[in-house]
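J.: My structure is stored as target38.pdb, with PDB, C-alpha atoms and all ligand atoms.
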```pdb
ATOM      1  CA  MET A   1       0.000   0.000   0.000
ATOM      2  CA  ASN A   2       2.815   2.374   0.921
ATOM      3  CA  LYS A   3       4.464   1.463  -2.339
ATOM      4  CA  ALA A   4       1.653   3.212  -4.173
ATOM      5  CA  LEU A   5       2.842   6.467  -2.585
ATOM      6  CA  ARG A   6       6.175   6.279  -4.358
ATOM      7  CA  LYS A   7       7.211   6.529  -7.956
ATOM      8  CA  ALA A   8       9.547   3.802  -9.121
ATOM      9  CA  VAL A   9      12.830   5.150 -10.468
ATOM     10  CA  ILE A  10      15.098   3.145 -12.748
ATOM     11  CA  ALA A  11      18.448   4.880 -13.140
ATOM     12  CA  GLY A  12      21.368   3.814 -15.265
ATOM     13  CA  ASN A  13      24.846   4.396 -13.879
ATOM     14  CA  TRP A  14      27.111   4.390 -16.896
ATOM     15  CA  LYS A  15      30.273   4.776 -14.769
ATOM     16  CA  MET A  16      33.400   5.471 -16.903
ATOM     17  CA  ASN A  17      31.885   4.295 -20.177
ATOM     18  CA  LYS A  18      30.940   5.959 -23.483
ATOM     19  CA  THR A  19      32.353   8.901 -25.382
ATOM     20  CA  PRO A  20      29.912  11.692 -26.285
ATOM     21  CA  CYS A  21      29.297  10.107 -29.721
ATOM     22  CA  GLU A  22      28.653   6.717 -28.156
ATOM     23  CA  ALA A  23      26.438   8.304 -25.506
ATOM     24  CA  ARG A  24      24.215   9.815 -28.179
ATOM     25  CA  GLU A  25      23.947   6.459 -29.948
ATOM     26  CA  LEU A  26      23.082   4.618 -26.752
ATOM     27  CA  LEU A  27      20.435   7.141 -25.728
ATOM     28  CA  GLU A  28      18.897   7.117 -29.217
ATOM     29  CA  ALA A  29      18.611   3.343 -28.888
ATOM     30  CA  ILE A  30      17.118   3.484 -25.386
ATOM     31  CA  LYS A  31      14.641   6.325 -26.026
ATOM     32  CA  PRO A  32      11.994   4.488 -28.097
ATOM     33  CA  LEU A  33      12.225   1.413 -25.874
ATOM     34  CA  VAL A  34      11.306   3.289 -22.690
ATOM     35  CA  GLN A  35       8.975   5.977 -24.023
ATOM     36  CA  ASN A  36       5.892   4.373 -22.472
ATOM     37  CA  ALA A  37       7.473   3.784 -19.075
ATOM     38  CA  LYS A  38       5.255   4.232 -16.051
ATOM     39  CA  CYS A  39       8.305   4.769 -13.850
ATOM     40  CA  ASP A  40      10.895   7.542 -13.897
ATOM     41  CA  VAL A  41      13.847   6.753 -16.142
ATOM     42  CA  VAL A  42      17.272   8.309 -15.552
ATOM     43  CA  ALA A  43      20.681   7.945 -17.174
ATOM     44  CA  CYS A  44      23.700   9.061 -15.120
ATOM     45  CA  VAL A  45      26.597   9.650 -17.463
ATOM     46  CA  PRO A  46      30.244  10.806 -17.380
ATOM     47  CA  PHE A  47      30.694  14.576 -17.065
ATOM     48  CA  VAL A  48      31.924  14.955 -20.648
ATOM     49  CA  ASP A  49      28.728  13.311 -21.962
ATOM     50  CA  LEU A  50      26.284  15.507 -20.052
ATOM     51  CA  GLN A  51      25.570  18.133 -22.721
ATOM     52  CA  THR A  52      25.230  15.522 -25.461
ATOM     53  CA  ALA A  53      22.954  13.468 -23.237
ATOM     54  CA  LEU A  54      20.774  16.462 -22.369
ATOM     55  CA  ASP A  55      20.449  17.345 -26.060
ATOM     56  CA  ALA A  56      19.753  13.764 -27.108
ATOM     57  CA  THR A  57      16.985  13.320 -24.528
ATOM     58  CA  ALA A  58      15.347  16.766 -24.758
ATOM     59  CA  GLY A  59      11.571  16.334 -24.883
ATOM     60  CA  SER A  60      11.799  12.661 -23.903
ATOM     61  CA  ASN A  61      10.967  10.945 -20.614
ATOM     62  CA  ILE A  62      14.628  10.258 -19.790
ATOM     63  CA  GLY A  63      16.206  12.384 -17.049
ATOM     64  CA  ILE A  64      19.950  12.925 -17.065
ATOM     65  CA  GLY A  65      22.285  12.762 -14.103
ATOM     66  CA  ALA A  66      25.956  13.237 -13.248
ATOM     67  CA  GLU A  67      27.914  10.653 -11.294
ATOM     68  CA  ASN A  68      29.302  12.936  -8.577
ATOM     69  CA  CYS A  69      29.804  16.573  -7.590
ATOM     70  CA  HIS A  70      32.046  18.484  -5.191
ATOM     71  CA  TRP A  71      30.790  20.329  -2.103
ATOM     72  CA  GLU A  72      32.420  23.681  -2.869
ATOM     73  CA  ALA A  73      30.904  25.972  -5.480
ATOM     74  CA  SER A  74      34.285  26.727  -7.062
ATOM     75  CA  GLY A  75      37.960  26.855  -6.201
ATOM     76  CA  ALA A  76      41.251  25.008  -6.309
ATOM     77  CA  TYR A  77      39.937  21.438  -6.599
ATOM     78  CA  THR A  78      41.585  20.122  -9.751
ATOM     79  CA  GLY A  79      39.505  17.510 -11.513
ATOM     80  CA  GLU A  80      36.293  18.160  -9.609
ATOM     81  CA  ILE A  81      32.916  19.467 -10.828
ATOM     82  CA  SER A  82      30.648  21.588  -8.624
ATOM     83  CA  ALA A  83      26.921  21.444  -8.019
ATOM     84  CA  PRO A  84      26.378  24.985  -9.398
ATOM     85  CA  MET A  85      28.080  23.824 -12.617
ATOM     86  CA  LEU A  86      25.559  20.990 -12.929
ATOM     87  CA  LYS A  87      22.743  23.371 -12.079
ATOM     88  CA  ALA A  88      23.899  25.805 -14.769
ATOM     89  CA  MET A  89      23.669  22.982 -17.299
ATOM     90  CA  SER A  90      20.150  22.054 -16.055
ATOM     91  CA  VAL A  91      21.269  18.582 -15.049
ATOM     92  CA  PRO A  92      18.501  17.311 -12.760
ATOM     93  CA  TYR A  93      20.120  14.317 -11.014
ATOM     94  CA  VAL A  94      23.436  13.438  -9.415
ATOM     95  CA  ILE A  95      24.719  10.217  -7.859
ATOM     96  CA  ILE A  96      26.563  10.781  -4.564
ATOM     97  CA  GLY A  97      28.540   8.312  -2.477
ATOM     98  CA  HIS A  98      28.772   5.446  -4.940
ATOM     99  CA  SER A  99      30.878   2.659  -3.439
ATOM    100  CA  GLU A 100      33.414   3.017  -6.249
ATOM    101  CA  ARG A 101      33.939   6.649  -5.161
ATOM    102  CA  ARG A 102      34.239   5.565  -1.542
ATOM    103  CA  THR A 103      36.562   2.619  -2.283
ATOM    104  CA  TYR A 104      38.841   3.994  -5.017
ATOM    105  CA  PHE A 105      38.742   7.741  -4.361
ATOM    106  CA  GLY A 106      38.727   7.964  -0.602
ATOM    107  CA  GLU A 107      35.262   9.431  -0.128
ATOM    108  CA  THR A 108      33.970   9.149   3.409
ATOM    109  CA  ASP A 109      30.562   9.452   5.026
ATOM    110  CA  VAL A 110      31.502  13.021   5.954
ATOM    111  CA  THR A 111      32.454  14.104   2.424
ATOM    112  CA  VAL A 112      29.407  12.286   1.071
ATOM    113  CA  ASN A 113      27.264  14.383   3.405
ATOM    114  CA  LYS A 114      28.947  17.600   2.209
ATOM    115  CA  ARG A 115      28.345  16.638  -1.416
ATOM    116  CA  VAL A 116      24.719  15.722  -0.728
ATOM    117  CA  ARG A 117      24.114  19.093   0.885
ATOM    118  CA  ALA A 118      25.777  21.017  -1.944
ATOM    119  CA  ALA A 119      23.717  19.137  -4.521
ATOM    120  CA  LEU A 120      20.464  19.768  -2.649
ATOM    121  CA  ASP A 121      21.347  23.449  -2.127
ATOM    122  CA  ASN A 122      21.611  23.719  -5.905
ATOM    123  CA  GLY A 123      18.249  22.171  -6.644
ATOM    124  CA  LEU A 124      19.537  18.795  -7.790
ATOM    125  CA  THR A 125      17.898  15.456  -7.014
ATOM    126  CA  VAL A 126      20.407  13.195  -5.281
ATOM    127  CA  ILE A 127      20.768   9.463  -5.728
ATOM    128  CA  LEU A 128      22.580   8.651  -2.485
ATOM    129  CA  CYS A 129      24.341   5.278  -2.418
ATOM    130  CA  VAL A 130      24.864   3.198   0.699
ATOM    131  CA  GLY A 131      25.856  -0.422   1.144
ATOM    132  CA  GLU A 132      28.035  -2.859   3.017
ATOM    133  CA  TYR A 133      31.191  -4.766   2.070
ATOM    134  CA  LEU A 134      31.093  -8.555   2.050
ATOM    135  CA  GLU A 135      33.154  -8.749   5.257
ATOM    136  CA  GLN A 136      30.649  -6.522   7.006
ATOM    137  CA  ARG A 137      27.748  -8.722   5.887
ATOM    138  CA  GLU A 138      29.618 -11.767   7.116
ATOM    139  CA  GLN A 139      30.224 -10.080  10.463
ATOM    140  CA  GLY A 140      26.484  -9.470  10.768
ATOM    141  CA  ILE A 141      26.845  -5.673  10.871
ATOM    142  CA  THR A 142      25.075  -4.779   7.595
ATOM    143  CA  GLY A 143      22.260  -3.031   9.437
ATOM    144  CA  GLU A 144      24.584  -0.901  11.561
ATOM    145  CA  VAL A 145      26.789   0.034   8.600
ATOM    146  CA  VAL A 146      23.946   1.048   6.334
ATOM    147  CA  ALA A 147      22.066   2.911   9.081
ATOM    148  CA  LEU A 148      25.215   4.875   9.969
ATOM    149  CA  GLN A 149      25.958   5.728   6.321
ATOM    150  CA  THR A 150      22.365   6.916   5.927
ATOM    151  CA  LYS A 151      22.364   9.000   9.101
ATOM    152  CA  ILE A 152      25.665  10.746   8.371
ATOM    153  CA  ALA A 153      24.813  11.375   4.708
ATOM    154  CA  LEU A 154      21.539  13.046   5.684
ATOM    155  CA  GLN A 155      22.920  15.302   8.421
ATOM    156  CA  GLY A 156      21.624  18.827   7.907
ATOM    157  CA  VAL A 157      19.143  17.747   5.209
ATOM    158  CA  SER A 158      15.672  19.158   5.915
ATOM    159  CA  ALA A 159      12.445  17.183   5.519
ATOM    160  CA  ASP A 160      11.639  19.362   2.545
ATOM    161  CA  GLU A 161      14.995  18.638   0.904
ATOM    162  CA  LEU A 162      14.547  14.928   1.565
ATOM    163  CA  LYS A 163      11.845  14.987  -1.143
ATOM    164  CA  ARG A 164      14.741  15.370  -3.613
ATOM    165  CA  VAL A 165      16.669  12.406  -2.254
ATOM    166  CA  ILE A 166      16.554   8.867  -3.611
ATOM    167  CA  ILE A 167      18.525   6.283  -1.655
ATOM    168  CA  ALA A 168      20.165   3.410  -3.514
ATOM    169  CA  TYR A 169      21.003   0.365  -1.432
ATOM    170  CA  GLU A 170      23.968  -1.232  -3.157
ATOM    171  CA  PRO A 171      25.694  -4.100  -1.373
ATOM    172  CA  VAL A 172      29.298  -3.693  -2.540
ATOM    173  CA  TRP A 173      29.720  -7.445  -3.044
ATOM    174  CA  ALA A 174      26.897  -7.427  -5.589
ATOM    175  CA  ILE A 175      28.181  -4.574  -7.767
ATOM    176  CA  GLY A 176      29.512  -5.697 -11.120
ATOM    177  CA  THR A 177      30.011  -9.220  -9.799
ATOM    178  CA  GLY A 178      26.935 -10.930 -11.203
ATOM    179  CA  LYS A 179      26.123 -11.846  -7.566
ATOM    180  CA  THR A 180      22.749 -10.278  -6.855
ATOM    181  CA  ALA A 181      21.361  -9.980  -3.360
ATOM    182  CA  THR A 182      18.320 -12.205  -2.979
ATOM    183  CA  ALA A 183      15.030 -10.355  -3.171
ATOM    184  CA  GLU A 184      14.624 -10.941   0.588
ATOM    185  CA  GLN A 185      18.102  -9.579   1.406
ATOM    186  CA  ALA A 186      17.480  -6.510  -0.759
ATOM    187  CA  ASN A 187      14.107  -5.873   0.808
ATOM    188  CA  GLU A 188      15.354  -6.371   4.354
ATOM    189  CA  VAL A 189      18.003  -3.656   4.010
ATOM    190  CA  CYS A 190      15.751  -1.290   2.028
ATOM    191  CA  ALA A 191      13.191  -1.624   4.849
ATOM    192  CA  LEU A 192      15.897  -0.918   7.403
ATOM    193  CA  ILE A 193      16.929   2.231   5.519
ATOM    194  CA  ARG A 194      13.288   3.309   5.479
ATOM    195  CA  SER A 195      12.918   2.845   9.230
ATOM    196  CA  THR A 196      16.214   4.717   9.781
ATOM    197  CA  VAL A 197      14.817   7.624   7.748
ATOM    198  CA  ALA A 198      11.552   7.404   9.703
ATOM    199  CA  GLY A 199      13.577   7.785  12.913
ATOM    200  CA  LEU A 200      15.344  10.869  11.536
ATOM    201  CA  TYR A 201      12.250  12.521  10.033
ATOM    202  CA  SER A 202       8.849  10.794  10.216
ATOM    203  CA  TRP A 203       7.082   7.761   8.795
ATOM    204  CA  ALA A 204       5.259  10.041   6.363
ATOM    205  CA  ALA A 205       8.625  11.186   4.976
ATOM    206  CA  ALA A 206      10.044   7.659   4.982
ATOM    207  CA  ASN A 207       7.028   6.211   3.205
ATOM    208  CA  ALA A 208       7.369   8.801   0.460
ATOM    209  CA  LEU A 209      11.091   8.058  -0.058
ATOM    210  CA  THR A 210      12.126   6.114  -3.148
ATOM    211  CA  ILE A 211      14.658   3.417  -2.242
ATOM    212  CA  GLN A 212      16.401   1.612  -5.066
ATOM    213  CA  TYR A 213      18.310  -1.620  -5.074
ATOM    214  CA  GLY A 214      21.546  -1.768  -7.076
ATOM    215  CA  GLY A 215      24.052  -4.541  -7.701
ATOM    216  CA  SER A 216      23.872  -6.804 -10.740
ATOM    217  CA  MET A 217      20.201  -6.031 -11.346
ATOM    218  CA  ASN A 218      19.395  -7.283 -14.830
ATOM    219  CA  ALA A 219      16.582  -8.167 -17.214
ATOM    220  CA  GLN A 220      16.174 -11.589 -15.592
ATOM    221  CA  ASN A 221      16.103 -10.701 -11.901
ATOM    222  CA  ALA A 222      14.566  -7.200 -11.969
ATOM    223  CA  ALA A 223      10.910  -8.200 -11.627
ATOM    224  CA  GLU A 224      11.473 -10.278  -8.503
ATOM    225  CA  LEU A 225      13.526  -7.550  -6.836
ATOM    226  CA  LEU A 226      11.091  -4.800  -7.811
ATOM    227  CA  ASP A 227       8.156  -6.833  -6.481
ATOM    228  CA  GLN A 228       9.508  -6.452  -2.951
ATOM    229  CA  PRO A 229       7.488  -4.030  -0.830
ATOM    230  CA  ASP A 230      10.415  -1.745   0.052
ATOM    231  CA  VAL A 231      12.287  -1.851  -3.266
ATOM    232  CA  ASP A 232      11.096   1.093  -5.362
ATOM    233  CA  GLY A 233      13.483   0.973  -8.259
ATOM    234  CA  GLY A 234      16.983   0.155  -9.362
ATOM    235  CA  LEU A 235      20.391   1.698  -9.929
ATOM    236  CA  ILE A 236      21.711  -0.226 -12.874
ATOM    237  CA  GLY A 237      25.343  -0.437 -13.932
ATOM    238  CA  GLY A 238      26.280  -3.025 -16.549
ATOM    239  CA  ALA A 239      22.752  -3.637 -17.833
ATOM    240  CA  SER A 240      22.170   0.101 -18.394
ATOM    241  CA  LEU A 241      24.656  -0.027 -21.284
ATOM    242  CA  LYS A 242      22.512  -2.609 -23.107
ATOM    243  CA  PRO A 243      19.347  -0.966 -24.453
ATOM    244  CA  ALA A 244      17.175  -4.103 -24.568
ATOM    245  CA  ASP A 245      18.179  -5.175 -21.052
ATOM    246  CA  PHE A 246      17.712  -1.697 -19.603
ATOM    247  CA  ALA A 247      14.295  -1.465 -21.294
ATOM    248  CA  GLU A 248      13.311  -4.836 -19.788
ATOM    249  CA  ILE A 249      14.117  -3.520 -16.311
ATOM    250  CA  VAL A 250      12.114  -0.343 -16.979
ATOM    251  CA  LYS A 251       9.240  -2.571 -18.107
ATOM    252  CA  ALA A 252       9.463  -4.603 -14.899
ATOM    253  CA  ALA A 253       9.197  -1.368 -12.894
ATOM    254  CA  SER A 254       6.253  -0.165 -14.998
ATOM    255  CA  ARG A 255       3.898  -3.040 -14.225
TER     256      ARG A 255
HETATM  257  P1  LIG A 301      26.033  -3.208 -11.631
HETATM  258  O1  LIG A 301      26.373  -1.791 -10.971
HETATM  259  O2  LIG A 301      24.584  -3.180 -12.030
HETATM  260  O3  LIG A 301      26.961  -3.322 -12.809
HETATM  261  O4  LIG A 301      26.292  -4.238 -10.582
HETATM  262  C1  LIG A 301      25.454  -1.128 -10.151
HETATM  263  C2  LIG A 301      26.050   0.158  -9.643
HETATM  264  O5  LIG A 301      27.263   0.195  -9.371
HETATM  265  O6  LIG A 301      25.351   1.169  -9.496
END
```
For this file, write the structure as structure tokens.

T.:
Amino acid sequence: MNKALRKAVIAGNWKMNKTPCEARELLEAIKPLVQNAKCDVVACVPFVDLQTALDATAGSNIGIGAENCHWEASGAYTGEISAPMLKAMSVPYVIIGHSERRTYFGETDVTVNKRVRAALDNGLTVILCVGEYLEQREQGITGEVVALQTKIALQGVSADELKRVIIAYEPVWAIGTGKTATAEQANEVCALIRSTVAGLYSWAAANALTIQYGGSMNAQNAAELLDQPDVDGGLIGGASLKPADFAEIVKAASR
């Protein structure tokens, strides 16, 4: 019943793939396949592809997102992109705190929180990623890890701003490995994130929050995962680069 309150969101995370020319081709292939979607459809693309992606999807039902942004508006931060820059380009979405950023680029819960706040201050919708490592799951501390990540990331975020936050639960051991969490495991942690958010804000806010699952979601397993009561969508890596597979997932979320 609560699920009816929330719009499903299927977002592609292209990671470090596709040149601008290839991005245009991929989006042209995806566009007709998802045009009748009853869920929100998003493609998060490398910074250099953003303008091409915005142009290619203008007037369509595909929203475009970046894959990160810095917390400062400008300054001596070589290699970074700021939230006002994304805003100036009319980019509506941004992924923050992806486990690859945390693992390979030293991002912490504290810097994730700063980035979330900068993105929200600039009118962006944030796809905030949380998730445990395999060792943490094996130690039985998944709940604590994910609750802590969620609480720190949302520090200083108002209830009103929370309406522009999507949380993606991505168990690190399931990302790009072909090892998907079972539907029950995915739902259990998504439900825990929702109750954590209820504790920080209210159940009304938590019940309106879209929570995605991410980690080897594909055309075959999407329907079962999306059928879970607390799974409201997906953050899709590998399968988002294959138009037919991505469209199948969008279809599963549109039922
Ligand atoms: P995957 O990636 O679907 O390739 O596992 C998901 C993600 O990292 O967002």

J.: With distances taken over only C-alpha atoms, which of A:Tyr213, A:Tyr104, A:Tyr133, A:Tyr93 is nearest to Thr180 (chain A)?

T.: A:Tyr213

J.: As JSON, what would the box around ligand LIG 301 (chain A) look like: edges along x, y and z, 3 Å added on every side, centre and edge lengths in Å to one decimal?

T.:
```
{"center_x": 25.9, "center_y": -1.5, "center_z": -11.1, "size_x": 8.7, "size_y": 11.4, "size_z": 9.4}
```

J.: Would you translate the PyMOL selection byres (((not hetatm)) within 8 of (chain A and resi 301)) into the concrete set of residues it matches in this file, as a PDB file with C-alpha atoms, in the coordinates of the input?

T.:
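Contents of part11.pdb, freshly written:
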```pdb
ATOM      1  CA  GLY A  12      21.368   3.814 -15.265  1.00  0.00           C
ATOM      2  CA  ASN A  13      24.846   4.396 -13.879  1.00  0.00           C
ATOM      3  CA  LYS A  15      30.273   4.776 -14.769  1.00  0.00           C
ATOM      4  CA  HIS A  98      28.772   5.446  -4.940  1.00  0.00           C
ATOM      5  CA  SER A  99      30.878   2.659  -3.439  1.00  0.00           C
ATOM      6  CA  GLU A 100      33.414   3.017  -6.249  1.00  0.00           C
ATOM      7  CA  GLU A 170      23.968  -1.232  -3.157  1.00  0.00           C
ATOM      8  CA  ALA A 174      26.897  -7.427  -5.589  1.00  0.00           C
ATOM      9  CA  ILE A 175      28.181  -4.574  -7.767  1.00  0.00           C
ATOM     10  CA  GLY A 176      29.512  -5.697 -11.120  1.00  0.00           C
ATOM     11  CA  THR A 177      30.011  -9.220  -9.799  1.00  0.00           C
ATOM     12  CA  GLY A 178      26.935 -10.930 -11.203  1.00  0.00           C
ATOM     13  CA  THR A 180      22.749 -10.278  -6.855  1.00  0.00           C
ATOM     14  CA  GLY A 214      21.546  -1.768  -7.076  1.00  0.00           C
ATOM     15  CA  GLY A 215      24.052  -4.541  -7.701  1.00  0.00           C
ATOM     16  CA  SER A 216      23.872  -6.804 -10.740  1.00  0.00           C
ATOM     17  CA  MET A 217      20.201  -6.031 -11.346  1.00  0.00           C
ATOM     18  CA  ASN A 218      19.395  -7.283 -14.830  1.00  0.00           C
ATOM     19  CA  LEU A 235      20.391   1.698  -9.929  1.00  0.00           C
ATOM     20  CA  ILE A 236      21.711  -0.226 -12.874  1.00  0.00           C
ATOM     21  CA  GLY A 237      25.343  -0.437 -13.932  1.00  0.00           C
ATOM     22  CA  GLY A 238      26.280  -3.025 -16.549  1.00  0.00           C
ATOM     23  CA  ALA A 239      22.752  -3.637 -17.833  1.00  0.00           C
ATOM     24  CA  SER A 240      22.170   0.101 -18.394  1.00  0.00           C
TER      25      SER A 240
END
```

J.: For CA of Ala147 (chain A) and CA of Thr196 (chain A), determine how far apart the two atoms are, in Å to one decimal place.

T.: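 Answer for the CA of Ala147 (chain A) to CA of Thr196 (chain A) separation: 6.2 Å.
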
J.: Ranking A:Ala204, A:Leu134, A:Met89, A:Leu192 by minimum distance to Lys179 (chain A) and counting all atoms listed in the file, which one comes first?

T.: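 Ranked by minimum distance to Lys179 (chain A), first place goes to A:Leu134.
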
J.: Which residues, written as a count of residues only, have at least one atom at most 9 Å from Lys31 (chain A), with all atoms listed in the file counted and residues fewer than 3 positions away on the same chain left out?

T.: 10

J.: List the residues selected by the PyMOL selection byres (((chain A and resi 6) around 8) and not hetatm) in the file shown, writing them as a ChimeraX atom specification.

T.: /A:2-5,7-8,207-210,232

J.: What is the distance, in Å and to one decimal place, between CA of Ala29 (chain A) and CA of Gly65 (chain A)?

T.: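 Distance reported for this atom pair: 17.9 Å.
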
J.: Can you tell me how far CA of His70 (chain A) sits from CA of Ala23 (chain A), in Å to one decimal?

T.: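 About the pair CA of His70 (chain A) and CA of Ala23 (chain A): they are 23.4 Å apart.
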
J.: Written as a list in words, which residues does the PyMOL selection byres (((chain A and resi 124) around 10) and not hetatm) give for the file shown?

T.: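 Listing what the PyMOL selection byres (((chain A and resi 124) around 10) and not hetatm) selects in the shown file: Gly65, Ala83, Pro84, Leu86, Lys87, Ser90, Val91, Pro92, Tyr93, Val94, Val116, Arg117, Ala118, Ala119, Leu120, Asp121, Asn122, Gly123, Thr125, Val126, Ile127, Glu161, Arg164 and Val165 of chain A.
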
J.: Which residues are near Thr103 (chain A)? Cut-off 12 Å, only C-alpha atoms, ignore same chain within fewer than 5 positions. Put them as a list in words.

T.: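 Answer for this query is Gly97, His98, Thr108, Asp109, Gly131, Glu132, Tyr133 and Val172 of chain A.
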
J.: Save the residues we just selected, C-alpha atoms, as a short mmCIF file (atom, residue, chain, number, x, y, z; two decimals), in the coordinates of the input?

T.:
```cif
data_model
loop_
_atom_site.label_atom_id
_atom_site.label_comp_id
_atom_site.auth_asym_id
_atom_site.auth_seq_id
_atom_site.Cartn_x
_atom_site.Cartn_y
_atom_site.Cartn_z
CA GLY A 97 28.54 8.31 -2.48
CA HIS A 98 28.77 5.45 -4.94
CA THR A 108 33.97 9.15 3.41
CA ASP A 109 30.56 9.45 5.03
CA GLY A 131 25.86 -0.42 1.14
CA GLU A 132 28.04 -2.86 3.02
CA TYR A 133 31.19 -4.77 2.07
CA VAL A 172 29.30 -3.69 -2.54
#
```

J.: Model the absent atoms of region 145-162 of chain A so that N, CA, C and O atoms are present, and write the result as a PDB file, keeping the file's coordinate frame.

T.:
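As a result, result_24.pdb now contains:
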```pdb
ATOM      1  N   VAL A 145      26.005  -0.698   9.601  1.00  0.00           N
ATOM      2  CA  VAL A 145      26.789   0.034   8.600  1.00  0.00           C
ATOM      3  C   VAL A 145      25.873   0.914   7.745  1.00  0.00           C
ATOM      4  O   VAL A 145      26.126   2.114   7.557  1.00  0.00           O
ATOM      5  N   VAL A 146      24.822   0.323   7.260  1.00  0.00           N
ATOM      6  CA  VAL A 146      23.946   1.048   6.334  1.00  0.00           C
ATOM      7  C   VAL A 146      23.173   2.153   7.066  1.00  0.00           C
ATOM      8  O   VAL A 146      22.995   3.257   6.540  1.00  0.00           O
ATOM      9  N   ALA A 147      22.775   1.877   8.310  1.00  0.00           N
ATOM     10  CA  ALA A 147      22.066   2.911   9.081  1.00  0.00           C
ATOM     11  C   ALA A 147      22.999   4.099   9.348  1.00  0.00           C
ATOM     12  O   ALA A 147      22.590   5.262   9.210  1.00  0.00           O
ATOM     13  N   LEU A 148      24.256   3.802   9.689  1.00  0.00           N
ATOM     14  CA  LEU A 148      25.215   4.875   9.969  1.00  0.00           C
ATOM     15  C   LEU A 148      25.499   5.699   8.710  1.00  0.00           C
ATOM     16  O   LEU A 148      25.512   6.934   8.740  1.00  0.00           O
ATOM     17  N   GLN A 149      25.720   5.013   7.590  1.00  0.00           N
ATOM     18  CA  GLN A 149      25.958   5.728   6.321  1.00  0.00           C
ATOM     19  C   GLN A 149      24.778   6.659   6.027  1.00  0.00           C
ATOM     20  O   GLN A 149      24.958   7.812   5.615  1.00  0.00           O
ATOM     21  N   THR A 150      23.573   6.139   6.228  1.00  0.00           N
ATOM     22  CA  THR A 150      22.365   6.916   5.927  1.00  0.00           C
ATOM     23  C   THR A 150      22.269   8.132   6.848  1.00  0.00           C
ATOM     24  O   THR A 150      22.029   9.259   6.395  1.00  0.00           O
ATOM     25  N   LYS A 151      22.499   7.899   8.132  1.00  0.00           N
ATOM     26  CA  LYS A 151      22.364   9.000   9.101  1.00  0.00           C
ATOM     27  C   LYS A 151      23.383  10.102   8.841  1.00  0.00           C
ATOM     28  O   LYS A 151      23.046  11.281   8.872  1.00  0.00           O
ATOM     29  N   ILE A 152      24.630   9.715   8.587  1.00  0.00           N
ATOM     30  CA  ILE A 152      25.665  10.746   8.371  1.00  0.00           C
ATOM     31  C   ILE A 152      25.403  11.478   7.054  1.00  0.00           C
ATOM     32  O   ILE A 152      25.472  12.700   6.988  1.00  0.00           O
ATOM     33  N   ALA A 153      25.044  10.739   6.023  1.00  0.00           N
ATOM     34  CA  ALA A 153      24.813  11.375   4.708  1.00  0.00           C
ATOM     35  C   ALA A 153      23.690  12.402   4.764  1.00  0.00           C
ATOM     36  O   ALA A 153      23.698  13.380   4.023  1.00  0.00           O
ATOM     37  N   LEU A 154      22.714  12.165   5.648  1.00  0.00           N
ATOM     38  CA  LEU A 154      21.539  13.046   5.684  1.00  0.00           C
ATOM     39  C   LEU A 154      21.630  14.139   6.748  1.00  0.00           C
ATOM     40  O   LEU A 154      20.677  14.906   6.924  1.00  0.00           O
ATOM     41  N   GLN A 155      22.780  14.235   7.414  1.00  0.00           N
ATOM     42  CA  GLN A 155      22.920  15.302   8.421  1.00  0.00           C
ATOM     43  C   GLN A 155      22.713  16.662   7.786  1.00  0.00           C
ATOM     44  O   GLN A 155      23.296  16.983   6.757  1.00  0.00           O
ATOM     45  N   GLY A 156      21.851  17.469   8.406  1.00  0.00           N
ATOM     46  CA  GLY A 156      21.624  18.827   7.907  1.00  0.00           C
ATOM     47  C   GLY A 156      20.690  18.894   6.713  1.00  0.00           C
ATOM     48  O   GLY A 156      20.497  19.959   6.137  1.00  0.00           O
ATOM     49  N   VAL A 157      20.111  17.761   6.331  1.00  0.00           N
ATOM     50  CA  VAL A 157      19.143  17.747   5.209  1.00  0.00           C
ATOM     51  C   VAL A 157      17.745  17.906   5.808  1.00  0.00           C
ATOM     52  O   VAL A 157      17.350  17.127   6.677  1.00  0.00           O
ATOM     53  N   SER A 158      17.004  18.910   5.354  1.00  0.00           N
ATOM     54  CA  SER A 158      15.672  19.158   5.915  1.00  0.00           C
ATOM     55  C   SER A 158      14.657  18.166   5.338  1.00  0.00           C
ATOM     56  O   SER A 158      14.905  17.523   4.316  1.00  0.00           O
ATOM     57  N   ALA A 159      13.517  18.075   5.995  1.00  0.00           N
ATOM     58  CA  ALA A 159      12.445  17.183   5.519  1.00  0.00           C
ATOM     59  C   ALA A 159      12.008  17.595   4.112  1.00  0.00           C
ATOM     60  O   ALA A 159      11.672  16.754   3.278  1.00  0.00           O
ATOM     61  N   ASP A 160      12.032  18.885   3.865  1.00  0.00           N
ATOM     62  CA  ASP A 160      11.639  19.362   2.545  1.00  0.00           C
ATOM     63  C   ASP A 160      12.666  18.948   1.481  1.00  0.00           C
ATOM     64  O   ASP A 160      12.307  18.513   0.382  1.00  0.00           O
ATOM     65  N   GLU A 161      13.939  19.050   1.844  1.00  0.00           N
ATOM     66  CA  GLU A 161      14.995  18.638   0.904  1.00  0.00           C
ATOM     67  C   GLU A 161      14.988  17.132   0.670  1.00  0.00           C
ATOM     68  O   GLU A 161      15.352  16.657  -0.410  1.00  0.00           O
ATOM     69  N   LEU A 162      14.576  16.389   1.683  1.00  0.00           N
ATOM     70  CA  LEU A 162      14.547  14.928   1.565  1.00  0.00           C
ATOM     71  C   LEU A 162      13.656  14.477   0.388  1.00  0.00           C
ATOM     72  O   LEU A 162      13.863  13.414  -0.181  1.00  0.00           O
TER      73      LEU A 162
END
```
